[in-house]
Structure formats: structure tokens, C-alpha cells
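What follows is protein.cif (mmCIF, C-alpha atoms, pLDDT in the B column; chains and numbers go by the auth columns).
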```cif
data_structure
#
loop_
_atom_site.group_PDB
_atom_site.id
_atom_site.type_symbol
_atom_site.label_atom_id
_atom_site.label_comp_id
_atom_site.label_asym_id
_atom_site.label_seq_id
_atom_site.Cartn_x
_atom_site.Cartn_y
_atom_site.Cartn_z
_atom_site.B_iso_or_equiv
_atom_site.auth_seq_id
_atom_site.auth_asym_id
ATOM 1 C CA MET A 1 -62.786 -52.946 -90.900 90.00 196 A
ATOM 2 C CA PRO A 2 -59.030 -52.891 -91.672 95.00 197 A
ATOM 3 C CA VAL A 3 -56.676 -51.082 -89.333 97.00 198 A
ATOM 4 C CA ILE A 4 -53.351 -50.053 -90.863 97.00 199 A
ATOM 5 C CA ARG A 5 -50.414 -48.399 -89.156 96.00 200 A
ATOM 6 C CA VAL A 6 -47.936 -46.047 -90.758 97.00 201 A
ATOM 7 C CA ASP A 7 -44.530 -45.620 -89.095 96.00 202 A
ATOM 8 C CA VAL A 8 -42.635 -42.515 -90.177 97.00 203 A
ATOM 9 C CA GLU A 9 -38.951 -42.273 -89.275 95.00 204 A
ATOM 10 C CA TYR A 10 -35.940 -40.256 -90.345 95.00 205 A
ATOM 11 C CA LEU A 11 -33.761 -41.567 -93.167 96.00 206 A
ATOM 12 C CA PRO A 12 -30.345 -42.898 -92.082 93.00 207 A
ATOM 13 C CA GLY A 13 -27.855 -40.036 -91.838 91.00 208 A
ATOM 14 C CA VAL A 14 -30.524 -37.371 -91.319 94.00 209 A
ATOM 15 C CA GLU A 15 -30.175 -35.490 -88.048 91.00 210 A
ATOM 16 C CA ASP A 16 -33.019 -36.200 -85.618 93.00 211 A
ATOM 17 C CA PRO A 17 -33.075 -33.103 -83.367 93.00 212 A
ATOM 18 C CA GLU A 18 -35.523 -34.549 -80.838 94.00 213 A
ATOM 19 C CA ALA A 19 -33.401 -37.691 -80.450 95.00 214 A
ATOM 20 C CA ILE A 20 -30.236 -35.616 -79.977 95.00 215 A
ATOM 21 C CA THR A 21 -31.918 -33.577 -77.232 95.00 216 A
ATOM 22 C CA ILE A 22 -33.240 -36.697 -75.490 95.00 217 A
ATOM 23 C CA LEU A 23 -29.824 -38.375 -75.580 95.00 218 A
ATOM 24 C CA LYS A 24 -28.113 -35.263 -74.174 96.00 219 A
ATOM 25 C CA ASN A 25 -30.624 -34.936 -71.363 95.00 220 A
ATOM 26 C CA LEU A 26 -30.550 -38.638 -70.476 96.00 221 A
ATOM 27 C CA LYS A 27 -26.777 -38.320 -70.037 95.00 222 A
ATOM 28 C CA ILE A 28 -27.264 -35.299 -67.764 96.00 223 A
ATOM 29 C CA LEU A 29 -29.767 -37.362 -65.733 95.00 224 A
ATOM 30 C CA GLY A 30 -27.199 -40.130 -65.322 95.00 225 A
ATOM 31 C CA TYR A 31 -28.421 -42.600 -67.953 95.00 226 A
ATOM 32 C CA ASP A 32 -24.982 -42.930 -69.499 93.00 227 A
ATOM 33 C CA THR A 33 -25.359 -46.441 -70.921 95.00 228 A
ATOM 34 C CA ILE A 34 -27.620 -45.152 -73.726 96.00 229 A
ATOM 35 C CA THR A 35 -25.440 -44.795 -76.833 95.00 230 A
ATOM 36 C CA GLU A 36 -27.992 -43.957 -79.504 94.00 231 A
ATOM 37 C CA THR A 37 -31.570 -42.695 -79.700 95.00 232 A
ATOM 38 C CA ARG A 38 -33.975 -42.485 -82.609 94.00 233 A
ATOM 39 C CA THR A 39 -37.545 -41.249 -82.726 96.00 234 A
ATOM 40 C CA ALA A 40 -40.462 -42.130 -84.970 96.00 235 A
ATOM 41 C CA LYS A 41 -44.090 -41.193 -85.321 96.00 236 A
ATOM 42 C CA SER A 42 -46.936 -43.635 -85.891 96.00 237 A
ATOM 43 C CA TYR A 43 -50.400 -43.098 -87.310 96.00 238 A
ATOM 44 C CA GLU A 44 -53.084 -45.760 -87.122 96.00 239 A
ATOM 45 C CA PHE A 45 -56.035 -45.639 -89.499 97.00 240 A
ATOM 46 C CA ARG A 46 -59.292 -47.550 -89.290 96.00 241 A
ATOM 47 C CA ILE A 47 -60.645 -47.547 -92.794 96.00 242 A
ATOM 48 C CA GLU A 48 -63.751 -48.820 -94.581 94.00 243 A
ATOM 49 C CA GLY A 49 -63.545 -51.339 -97.401 92.00 244 A
ATOM 50 C CA LYS A 50 -61.437 -54.324 -98.328 95.00 245 A
ATOM 51 C CA LEU A 51 -57.852 -54.690 -97.129 95.00 246 A
ATOM 52 C CA GLU A 52 -56.257 -54.208 -100.555 95.00 247 A
ATOM 53 C CA GLU A 53 -58.075 -50.920 -101.207 95.00 248 A
ATOM 54 C CA ALA A 54 -57.493 -49.770 -97.641 96.00 249 A
ATOM 55 C CA ARG A 55 -53.777 -50.501 -97.904 96.00 250 A
ATOM 56 C CA SER A 56 -53.507 -48.599 -101.146 96.00 251 A
ATOM 57 C CA THR A 57 -55.375 -45.572 -99.719 96.00 252 A
ATOM 58 C CA VAL A 58 -53.212 -45.491 -96.590 97.00 253 A
ATOM 59 C CA ASP A 59 -50.074 -45.872 -98.711 97.00 254 A
ATOM 60 C CA GLU A 60 -51.142 -42.802 -100.711 97.00 255 A
ATOM 61 C CA ILE A 61 -51.840 -40.807 -97.519 97.00 256 A
ATOM 62 C CA ALA A 62 -48.496 -41.852 -96.051 97.00 257 A
ATOM 63 C CA SER A 63 -46.458 -40.891 -99.104 96.00 258 A
ATOM 64 C CA LYS A 64 -48.338 -37.692 -100.028 94.00 259 A
ATOM 65 C CA ILE A 65 -49.221 -36.255 -96.630 94.00 260 A
ATOM 66 C CA LEU A 66 -47.449 -37.851 -93.676 96.00 261 A
ATOM 67 C CA THR A 67 -43.909 -38.224 -94.983 97.00 262 A
ATOM 68 C CA ASN A 68 -41.356 -35.702 -96.176 96.00 263 A
ATOM 69 C CA PRO A 69 -39.398 -37.906 -98.612 96.00 264 A
ATOM 70 C CA VAL A 70 -36.335 -35.682 -98.450 96.00 265 A
ATOM 71 C CA ILE A 71 -35.681 -36.580 -94.813 96.00 266 A
ATOM 72 C CA GLN A 72 -38.121 -39.359 -93.892 96.00 267 A
ATOM 73 C CA LYS A 73 -39.279 -42.825 -94.874 97.00 268 A
ATOM 74 C CA TYR A 74 -42.405 -44.745 -93.957 98.00 269 A
ATOM 75 C CA SER A 75 -43.540 -48.317 -93.607 97.00 270 A
ATOM 76 C CA LEU A 76 -47.033 -49.805 -93.406 97.00 271 A
ATOM 77 C CA GLN A 77 -48.206 -52.548 -91.092 95.00 272 A
ATOM 78 C CA VAL A 78 -51.593 -54.227 -91.116 96.00 273 A
ATOM 79 C CA VAL A 79 -52.709 -54.156 -87.465 94.00 274 A
ATOM 80 C CA ASP A 80 -56.077 -55.790 -88.168 91.00 275 A
ATOM 81 C CA PRO A 81 -57.111 -57.118 -91.589 90.00 276 A
ATOM 82 C CA MET B 1 -25.742 -54.133 -77.758 90.00 119 B
ATOM 83 C CA PRO B 2 -29.504 -54.294 -77.051 95.00 120 B
ATOM 84 C CA VAL B 3 -31.902 -52.042 -78.931 97.00 121 B
ATOM 85 C CA ILE B 4 -35.237 -51.428 -77.231 97.00 122 B
ATOM 86 C CA ARG B 5 -38.194 -49.485 -78.548 96.00 123 B
ATOM 87 C CA VAL B 6 -40.714 -47.568 -76.461 97.00 124 B
ATOM 88 C CA ASP B 7 -44.132 -46.850 -78.007 96.00 125 B
ATOM 89 C CA VAL B 8 -46.065 -44.079 -76.267 97.00 126 B
ATOM 90 C CA GLU B 9 -49.739 -43.719 -77.100 95.00 127 B
ATOM 91 C CA TYR B 10 -52.801 -42.031 -75.637 95.00 128 B
ATOM 92 C CA LEU B 11 -54.943 -43.964 -73.168 96.00 129 B
ATOM 93 C CA PRO B 12 -58.334 -45.083 -74.505 93.00 130 B
ATOM 94 C CA GLY B 13 -60.873 -42.286 -74.115 92.00 131 B
ATOM 95 C CA VAL B 14 -58.247 -39.528 -74.065 94.00 132 B
ATOM 96 C CA GLU B 15 -58.652 -36.974 -76.840 91.00 133 B
ATOM 97 C CA ASP B 16 -55.796 -37.092 -79.359 93.00 134 B
ATOM 98 C CA PRO B 17 -55.785 -33.568 -80.875 93.00 135 B
ATOM 99 C CA GLU B 18 -53.321 -34.398 -83.650 94.00 136 B
ATOM 100 C CA ALA B 19 -55.392 -37.405 -84.725 95.00 137 B
ATOM 101 C CA ILE B 20 -58.589 -35.317 -84.739 95.00 138 B
ATOM 102 C CA THR B 21 -56.939 -32.703 -86.964 95.00 139 B
ATOM 103 C CA ILE B 22 -55.583 -35.342 -89.351 95.00 140 B
ATOM 104 C CA LEU B 23 -58.970 -37.054 -89.638 95.00 141 B
ATOM 105 C CA LYS B 24 -60.731 -33.730 -90.328 96.00 142 B
ATOM 106 C CA ASN B 25 -58.205 -32.769 -92.989 95.00 143 B
ATOM 107 C CA LEU B 26 -58.241 -36.190 -94.655 96.00 144 B
ATOM 108 C CA LYS B 27 -62.010 -35.859 -95.035 95.00 145 B
ATOM 109 C CA ILE B 28 -61.581 -32.399 -96.602 96.00 146 B
ATOM 110 C CA LEU B 29 -59.058 -33.917 -99.027 95.00 147 B
ATOM 111 C CA GLY B 30 -61.577 -36.583 -100.050 95.00 148 B
ATOM 112 C CA TYR B 31 -60.313 -39.529 -98.007 95.00 149 B
ATOM 113 C CA ASP B 32 -63.742 -40.242 -96.589 93.00 150 B
ATOM 114 C CA THR B 33 -63.314 -43.973 -95.939 95.00 151 B
ATOM 115 C CA ILE B 34 -61.085 -43.294 -92.915 96.00 152 B
ATOM 116 C CA THR B 35 -63.253 -43.671 -89.817 95.00 153 B
ATOM 117 C CA GLU B 36 -60.709 -43.374 -87.010 94.00 154 B
ATOM 118 C CA THR B 37 -57.150 -42.147 -86.549 95.00 155 B
ATOM 119 C CA ARG B 38 -54.746 -42.542 -83.648 94.00 156 B
ATOM 120 C CA THR B 39 -51.182 -41.301 -83.272 96.00 157 B
ATOM 121 C CA ALA B 40 -48.255 -42.612 -81.274 96.00 158 B
ATOM 122 C CA LYS B 41 -44.641 -41.702 -80.710 96.00 159 B
ATOM 123 C CA SER B 42 -41.754 -44.164 -80.695 96.00 160 B
ATOM 124 C CA TYR B 43 -38.297 -43.906 -79.175 97.00 161 B
ATOM 125 C CA GLU B 44 -35.570 -46.410 -79.948 96.00 162 B
ATOM 126 C CA PHE B 45 -32.618 -46.774 -77.595 97.00 163 B
ATOM 127 C CA ARG B 46 -29.335 -48.552 -78.208 96.00 164 B
ATOM 128 C CA ILE B 47 -27.982 -49.284 -74.781 96.00 165 B
ATOM 129 C CA GLU B 48 -24.858 -50.868 -73.315 94.00 166 B
ATOM 130 C CA GLY B 49 -25.013 -53.939 -71.090 93.00 167 B
ATOM 131 C CA LYS B 50 -27.081 -57.097 -70.874 95.00 168 B
ATOM 132 C CA LEU B 51 -30.648 -57.259 -72.112 95.00 169 B
ATOM 133 C CA GLU B 52 -32.269 -57.545 -68.658 95.00 170 B
ATOM 134 C CA GLU B 53 -30.493 -54.446 -67.291 95.00 171 B
ATOM 135 C CA ALA B 54 -31.087 -52.555 -70.530 96.00 172 B
ATOM 136 C CA ARG B 55 -34.792 -53.393 -70.448 96.00 173 B
ATOM 137 C CA SER B 56 -35.078 -52.227 -66.866 96.00 174 B
ATOM 138 C CA THR B 57 -33.270 -48.937 -67.592 96.00 175 B
ATOM 139 C CA VAL B 58 -35.447 -48.217 -70.631 97.00 176 B
ATOM 140 C CA ASP B 59 -38.576 -49.111 -68.644 97.00 177 B
ATOM 141 C CA GLU B 60 -37.545 -46.527 -66.034 97.00 178 B
ATOM 142 C CA ILE B 61 -36.878 -43.877 -68.700 97.00 179 B
ATOM 143 C CA ALA B 62 -40.214 -44.637 -70.379 97.00 180 B
ATOM 144 C CA SER B 63 -42.258 -44.399 -67.195 96.00 181 B
ATOM 145 C CA LYS B 64 -40.439 -41.448 -65.586 94.00 182 B
ATOM 146 C CA ILE B 65 -39.579 -39.286 -68.598 94.00 183 B
ATOM 147 C CA LEU B 66 -41.319 -40.236 -71.824 96.00 184 B
ATOM 148 C CA THR B 67 -44.861 -40.938 -70.634 96.00 185 B
ATOM 149 C CA ASN B 68 -47.441 -38.766 -68.930 96.00 186 B
ATOM 150 C CA PRO B 69 -49.357 -41.485 -67.029 96.00 187 B
ATOM 151 C CA VAL B 70 -52.474 -39.328 -66.711 96.00 188 B
ATOM 152 C CA ILE B 71 -53.121 -39.424 -70.464 96.00 189 B
ATOM 153 C CA GLN B 72 -50.632 -41.887 -71.973 96.00 190 B
ATOM 154 C CA LYS B 73 -49.415 -45.463 -71.756 97.00 191 B
ATOM 155 C CA TYR B 74 -46.265 -47.079 -73.076 98.00 192 B
ATOM 156 C CA SER B 75 -45.065 -50.467 -74.197 97.00 193 B
ATOM 157 C CA LEU B 76 -41.549 -51.834 -74.703 97.00 194 B
ATOM 158 C CA GLN B 77 -40.332 -53.987 -77.555 95.00 195 B
ATOM 159 C CA VAL B 78 -36.928 -55.573 -77.893 96.00 196 B
ATOM 160 C CA VAL B 79 -35.809 -54.680 -81.437 94.00 197 B
ATOM 161 C CA ASP B 80 -32.421 -56.391 -81.091 91.00 198 B
ATOM 162 C CA PRO B 81 -31.364 -58.419 -78.030 90.00 199 B
#
```
Go through the file and emit its structure as C-alpha cells.
Amino acid sequence: MPVIRVDVEYLPGVEDPEAITILKNLKILGYDTITETRTAKSYEFRIEGKLEEARSTVDEIASKILTNPVIQKYSLQVVDP
Amino acid sequence: MPVIRVDVEYLPGVEDPEAITILKNLKILGYDTITETRTAKSYEFRIEGKLEEARSTVDEIASKILTNPVIQKYSLQVVDP
């Protein structure tokens, strides 16, 4: 059964508030060699059917439900065909 | 400058409440071929210094700050050496 992963991240130039907070706090904690932080969210789906269908279904879910296209982008990766 | 990614996910057997909610809602929306969903969070760090030091610093941050070892595990990936 195919397993497909969706990675959702912020578009370049969009402020990532969680990353900004992490970076600030790492500096306070003494980790001052970190110059940039980004965050992303992943969703892994195990899905019935053939890989092509599964990929197309997950692509639809990613674009319609998991991603806000104004500020985010997504990519798909086949974890297990 | 090295870029290292930390992926934080739930340990096997630990309930993932976000994944459960997503799976339930996908079924309501008609996506009934999805049999399992898992979520994960990623953090990407751009960090000064040599790769070995950078890796060790990010490993420390991941284990001490980003991961709750009771319910989560993490893995590191070098995105850019």
C-alpha cells in the first residue's frame, strides 16, 4: 500500500513566526552560531490503491486542505511505493 | 555554511491527535482510501562553523529543546554541508 509524504513549508519571503521565536530563544540560550531557522510540517498518508491514483489523491488533499497557497507551498515524496 | 534539518515525529504507539483528526475529517470529505496518517514537524537550521560542530550543536538543540523524548523521536539530515 503506497505511503506518500507531504511537506508543507512557508513560501520564501513569508514570515515564519515559530522560526523567529525559536531563533530568538536559541540566541538567549547561548546558541549564537545559528543564523537562520525555518520550520515545516509533514503529513504521511498510507493509502489504498495503485501509486498513480494514490499520488493524485494525496496531491489533491495537499493543495485543497493542507496548504494555504497564499503563504505556503508543498511537495510530495513517495516514502513507499 | 551548513544547513541541517531536524525531523521530529511521534514514537510508534504514541497517539498523534492531529493525525487522528485529519484522518477522521478526510473520511468525512470522501477520501476513504486513506488508511493511516502520521504528522511530523521539521526545523531547518543554517549554522556557522564546520559541519561536524554544526551537527553536534543541532543534535544538542534537537534532543534538549525540540523533542519530548517520552513521546517523540528525532532524526537529523544534512541539507547542505
I want to know what sits within 7 Å of Ser237 of chain A, based on all atoms listed in the file, with residues of the same chain fewer than 3 positions away left out; could you give that as a ChimeraX atom specification? /A:200-203 /B:157-159
Report as a ChimeraX atom specification all protein, DNA and RNA residues lying within 12 Å of Lys182 of chain B, evaluated on all atoms listed in the file, omitting residues in the same chain fewer than 3 positions from it. /A:221,224 /B:175-179,185-187,191-192
Got a sec to resolve the PyMOL selection byres ((chain A) within 6 of (chain B)) on this structure and send the residues as a PDB file with C-alpha atoms, keeping the file's coordinate frame?
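In the end it all went to part_32.pdb:
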```pdb
ATOM      1  CA  THR A 228     -25.359 -46.441 -70.921  1.00 95.00           C
ATOM      2  CA  ILE A 229     -27.620 -45.152 -73.726  1.00 96.00           C
ATOM      3  CA  THR A 230     -25.440 -44.795 -76.833  1.00 95.00           C
ATOM      4  CA  GLU A 231     -27.992 -43.957 -79.504  1.00 94.00           C
ATOM      5  CA  THR A 232     -31.570 -42.695 -79.700  1.00 95.00           C
ATOM      6  CA  ARG A 233     -33.975 -42.485 -82.609  1.00 94.00           C
ATOM      7  CA  THR A 234     -37.545 -41.249 -82.726  1.00 96.00           C
ATOM      8  CA  ALA A 235     -40.462 -42.130 -84.970  1.00 96.00           C
ATOM      9  CA  LYS A 236     -44.090 -41.193 -85.321  1.00 96.00           C
ATOM     10  CA  SER A 237     -46.936 -43.635 -85.891  1.00 96.00           C
ATOM     11  CA  TYR A 238     -50.400 -43.098 -87.310  1.00 96.00           C
ATOM     12  CA  GLU A 239     -53.084 -45.760 -87.122  1.00 96.00           C
ATOM     13  CA  PHE A 240     -56.035 -45.639 -89.499  1.00 97.00           C
ATOM     14  CA  ARG A 241     -59.292 -47.550 -89.290  1.00 96.00           C
ATOM     15  CA  ILE A 242     -60.645 -47.547 -92.794  1.00 96.00           C
ATOM     16  CA  GLU A 243     -63.751 -48.820 -94.581  1.00 94.00           C
TER      17      GLU A 243
END
```
Chain B least-squares fitted onto chain A over all paired Cα atoms, as a CSV table (one decimal) with C-alpha atoms, in the coordinates of the input:
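Here's the written file part-v5.csv:
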```csv
chain,number,residue,atom,x,y,z
B,119,MET,CA,-62.8,-53.0,-90.9
B,120,PRO,CA,-59.0,-52.9,-91.7
B,121,VAL,CA,-56.7,-51.1,-89.3
B,122,ILE,CA,-53.3,-50.1,-90.9
B,123,ARG,CA,-50.4,-48.4,-89.1
B,124,VAL,CA,-47.9,-46.0,-90.8
B,125,ASP,CA,-44.5,-45.6,-89.1
B,126,VAL,CA,-42.6,-42.5,-90.2
B,127,GLU,CA,-39.0,-42.3,-89.3
B,128,TYR,CA,-35.9,-40.3,-90.3
B,129,LEU,CA,-33.8,-41.6,-93.2
B,130,PRO,CA,-30.4,-42.9,-92.1
B,131,GLY,CA,-27.9,-40.1,-91.9
B,132,VAL,CA,-30.5,-37.4,-91.3
B,133,GLU,CA,-30.2,-35.5,-88.0
B,134,ASP,CA,-33.0,-36.2,-85.6
B,135,PRO,CA,-33.1,-33.1,-83.4
B,136,GLU,CA,-35.5,-34.6,-80.8
B,137,ALA,CA,-33.4,-37.7,-80.5
B,138,ILE,CA,-30.2,-35.6,-80.0
B,139,THR,CA,-31.9,-33.6,-77.2
B,140,ILE,CA,-33.2,-36.7,-75.5
B,141,LEU,CA,-29.8,-38.4,-75.6
B,142,LYS,CA,-28.1,-35.2,-74.2
B,143,ASN,CA,-30.6,-34.9,-71.4
B,144,LEU,CA,-30.6,-38.6,-70.5
B,145,LYS,CA,-26.8,-38.3,-70.0
B,146,ILE,CA,-27.3,-35.3,-67.8
B,147,LEU,CA,-29.8,-37.4,-65.7
B,148,GLY,CA,-27.2,-40.1,-65.3
B,149,TYR,CA,-28.4,-42.6,-67.9
B,150,ASP,CA,-25.0,-42.9,-69.5
B,151,THR,CA,-25.4,-46.4,-70.9
B,152,ILE,CA,-27.6,-45.1,-73.7
B,153,THR,CA,-25.4,-44.8,-76.8
B,154,GLU,CA,-28.0,-43.9,-79.5
B,155,THR,CA,-31.6,-42.7,-79.7
B,156,ARG,CA,-34.0,-42.5,-82.6
B,157,THR,CA,-37.6,-41.2,-82.7
B,158,ALA,CA,-40.5,-42.1,-85.0
B,159,LYS,CA,-44.1,-41.2,-85.3
B,160,SER,CA,-46.9,-43.6,-85.9
B,161,TYR,CA,-50.4,-43.1,-87.3
B,162,GLU,CA,-53.1,-45.8,-87.1
B,163,PHE,CA,-56.0,-45.6,-89.5
B,164,ARG,CA,-59.3,-47.6,-89.3
B,165,ILE,CA,-60.6,-47.5,-92.8
B,166,GLU,CA,-63.7,-48.8,-94.6
B,167,GLY,CA,-63.5,-51.3,-97.4
B,168,LYS,CA,-61.4,-54.3,-98.3
B,169,LEU,CA,-57.9,-54.7,-97.1
B,170,GLU,CA,-56.2,-54.2,-100.6
B,171,GLU,CA,-58.1,-50.9,-101.2
B,172,ALA,CA,-57.5,-49.8,-97.6
B,173,ARG,CA,-53.8,-50.5,-97.9
B,174,SER,CA,-53.5,-48.6,-101.1
B,175,THR,CA,-55.4,-45.6,-99.7
B,176,VAL,CA,-53.2,-45.5,-96.6
B,177,ASP,CA,-50.1,-45.9,-98.7
B,178,GLU,CA,-51.1,-42.8,-100.7
B,179,ILE,CA,-51.8,-40.8,-97.5
B,180,ALA,CA,-48.5,-41.9,-96.1
B,181,SER,CA,-46.5,-40.9,-99.1
B,182,LYS,CA,-48.3,-37.7,-100.0
B,183,ILE,CA,-49.2,-36.3,-96.6
B,184,LEU,CA,-47.5,-37.9,-93.7
B,185,THR,CA,-43.9,-38.2,-95.0
B,186,ASN,CA,-41.4,-35.7,-96.2
B,187,PRO,CA,-39.4,-37.9,-98.6
B,188,VAL,CA,-36.3,-35.7,-98.5
B,189,ILE,CA,-35.7,-36.6,-94.8
B,190,GLN,CA,-38.1,-39.4,-93.9
B,191,LYS,CA,-39.3,-42.8,-94.9
B,192,TYR,CA,-42.4,-44.7,-93.9
B,193,SER,CA,-43.5,-48.3,-93.6
B,194,LEU,CA,-47.0,-49.8,-93.4
B,195,GLN,CA,-48.2,-52.5,-91.1
B,196,VAL,CA,-51.6,-54.2,-91.1
B,197,VAL,CA,-52.7,-54.1,-87.5
B,198,ASP,CA,-56.1,-55.8,-88.2
B,199,PRO,CA,-57.1,-57.1,-91.6
```
Starting from 3 Å padding per side, set up an axis-aligned box that covers all listed atoms of segment 162-176 of chain B and hand over centre and edge lengths in Å, one decimal, as AutoDock Vina command-line options.
```
--center_x -30.2 --center_y -52.0 --center_z -73.4 --size_x 16.7 --size_y 17.1 --size_z 19.1
```
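Selecting by distance to (-34.0, -38.0, -96.2) with a limit of 9 Å and using all atoms listed in the file, one obtains A:Tyr205, A:Leu206, A:Pro207, A:Gly208, A:Val209, A:Asn263, A:Pro264, A:Val265, A:Ile266, A:Gln267, A:Lys268.
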Coordinates-based distance that separates atom CA of Leu271 of chain A from atom CA of Glu248 of chain A (Å, one decimal): 13.6 Å
Between B:Leu169, B:Gly148, B:Pro135, B:Lys142, which is the closest to Val196 of chain B once you count all atoms listed in the file?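 Checking each of B:Leu169, B:Gly148, B:Pro135, B:Lys142 against Val196 of chain B, counting all atoms listed in the file, the winner is B:Leu169.
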